[in-house]
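Take a look at the structure set out below.
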Amino acid sequence: MEFPELIILDVGHGNCALLRDTEGTVLIDCPPGAVLPETLHHLGITEISHVLISHADQDHVAGIPQLLLNESIKVNNIYLNSDWLRDTEIWKDVLSALRDARRRSGVKV
């Protein structure tokens, strides 16, 4: 890859973007559904250097458990906004997936 590449995904309500360059891939927000996993597969992305989460609304975080359980993708680091003090069911699921991923594969949060 000669130049950095920014890919904005159409995920319906919410945001999701991939930034790729020679150093790796950055994922900005992680919505639920099939668009993100299908795009990662289509682009041959097997490692995500950094996941940046803008805030804890469902349409920005609900795909984290699915991403972390995908054995064909390695996630190195996840950065959470200070908005992480939410008390929603989806956020509890995300926190559980993050704890599991830290133990299982060394994801840094």
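Each chain in the structure tokens gets a letter, A, B and so on, in the order shown; residues start at 1 in every chain, and ligands are counted from 1 in the order they appear.
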
Inset, instruction - Step one, run DSSP on the backbone; step two, keep only residues of chain A assigned to strand (DSSP E); then write them as an MDAnalysis selection string. - result: chainID A and resid 5:8 17:21 24:28 47:53 74:80

Inset, instruction - For A:Leu36, work out the shell of residues within 9 Å, counting only C-alpha atoms and skipping chain neighbours fewer than 3 positions away, then give it as a VMD selection string. - result: chain A and resid 9 11 16 30 to 33 39 to 41 63 67

Inset, instruction - Please indicate the distance in Å from atom CA of A:Ser54 to atom CA of A:Ala17, rounded to one decimal place. - result: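 Taking atom CA of A:Ser54 as the start and atom CA of A:Ala17 as the end point, the length is 11.4 Å.
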
Inset, instruction - Find the residues around A:Arg102 up to 12 Å (only C-alpha atoms counted), leave out those fewer than 3 positions away in its own chain, and share them as a list of chain:residue names. - result: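 Skipping anything fewer than 3 positions along the chain leaves A:Leu68, A:Leu69, A:Lys74, A:Val75, A:Asn76, A:Asn77, A:Ile78, A:Leu95, A:Ser96, A:Ala97, A:Leu98, A:Arg99, A:Ser105, A:Gly106, A:Val107, A:Lys108, A:Val109.
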
Using only N, CA, C and O atoms, please write the residues we just selected to a file, as a compact mmCIF listing (two decimals), in the first residue's frame.
```txt
# COMPACT_ATOMS: atom_id res chain seq x y z
N LEU A 68 -14.16 -9.51 18.80
CA LEU A 68 -13.18 -10.18 19.66
C LEU A 68 -13.32 -11.70 19.63
O LEU A 68 -12.35 -12.41 19.89
N LEU A 69 -14.50 -12.20 19.33
CA LEU A 69 -14.70 -13.65 19.23
C LEU A 69 -14.30 -14.20 17.87
O LEU A 69 -14.19 -15.41 17.70
N LYS A 74 -6.99 -10.66 14.73
CA LYS A 74 -6.27 -10.34 15.96
C LYS A 74 -6.44 -8.84 16.24
O LYS A 74 -6.21 -8.02 15.37
N VAL A 75 -6.86 -8.52 17.45
CA VAL A 75 -7.00 -7.13 17.88
C VAL A 75 -5.91 -6.87 18.92
O VAL A 75 -5.79 -7.61 19.90
N ASN A 76 -5.12 -5.83 18.71
CA ASN A 76 -4.02 -5.54 19.62
C ASN A 76 -4.38 -4.58 20.75
O ASN A 76 -4.02 -4.81 21.89
N ASN A 77 -5.06 -3.49 20.43
CA ASN A 77 -5.36 -2.46 21.43
C ASN A 77 -6.77 -1.93 21.22
O ASN A 77 -7.19 -1.74 20.09
N ILE A 78 -7.44 -1.64 22.33
CA ILE A 78 -8.75 -0.99 22.28
C ILE A 78 -8.71 0.22 23.18
O ILE A 78 -8.30 0.13 24.34
N LEU A 95 -17.99 -5.03 28.13
CA LEU A 95 -16.98 -5.15 29.18
C LEU A 95 -16.61 -6.60 29.45
O LEU A 95 -15.43 -6.93 29.65
N SER A 96 -17.60 -7.49 29.41
CA SER A 96 -17.33 -8.92 29.59
C SER A 96 -16.45 -9.44 28.45
O SER A 96 -15.49 -10.19 28.68
N ALA A 97 -16.75 -9.04 27.21
CA ALA A 97 -15.94 -9.47 26.05
C ALA A 97 -14.53 -8.92 26.15
O ALA A 97 -13.56 -9.62 25.81
N LEU A 98 -14.38 -7.70 26.64
CA LEU A 98 -13.04 -7.11 26.80
C LEU A 98 -12.24 -7.86 27.84
O LEU A 98 -11.05 -8.15 27.63
N ARG A 99 -12.86 -8.19 28.97
CA ARG A 99 -12.15 -8.96 30.02
C ARG A 99 -11.69 -10.31 29.47
O ARG A 99 -10.55 -10.73 29.68
N SER A 105 -6.32 -13.46 24.73
CA SER A 105 -5.40 -13.13 23.63
C SER A 105 -4.53 -11.91 23.88
O SER A 105 -3.85 -11.45 22.97
N GLY A 106 -4.59 -11.36 25.08
CA GLY A 106 -3.68 -10.26 25.41
C GLY A 106 -4.06 -8.92 24.84
O GLY A 106 -3.21 -8.03 24.73
N VAL A 107 -5.33 -8.72 24.48
CA VAL A 107 -5.77 -7.41 23.98
C VAL A 107 -5.53 -6.39 25.07
O VAL A 107 -5.85 -6.61 26.24
N LYS A 108 -4.95 -5.26 24.71
CA LYS A 108 -4.71 -4.19 25.67
C LYS A 108 -5.87 -3.20 25.61
O LYS A 108 -6.25 -2.77 24.53
N VAL A 109 -6.44 -2.88 26.75
CA VAL A 109 -7.58 -1.96 26.83
C VAL A 109 -7.15 -0.73 27.59
O VAL A 109 -6.59 -0.81 28.65
```

Legend entry - Which residue of A:Thr88, A:Ser72, A:Gln58, A:Asn81 approaches A:Asn15 most closely, using only C-alpha atoms: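 Closest to A:Asn15 of all the choices is A:Gln58.
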
Inset, instruction - Quote the spacing between atom CA of A:Leu18 and atom CA of A:Leu6 in Å to one decimal place. - result: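 Answer for the atom CA of A:Leu18 to atom CA of A:Leu6 separation: 5.8 Å.
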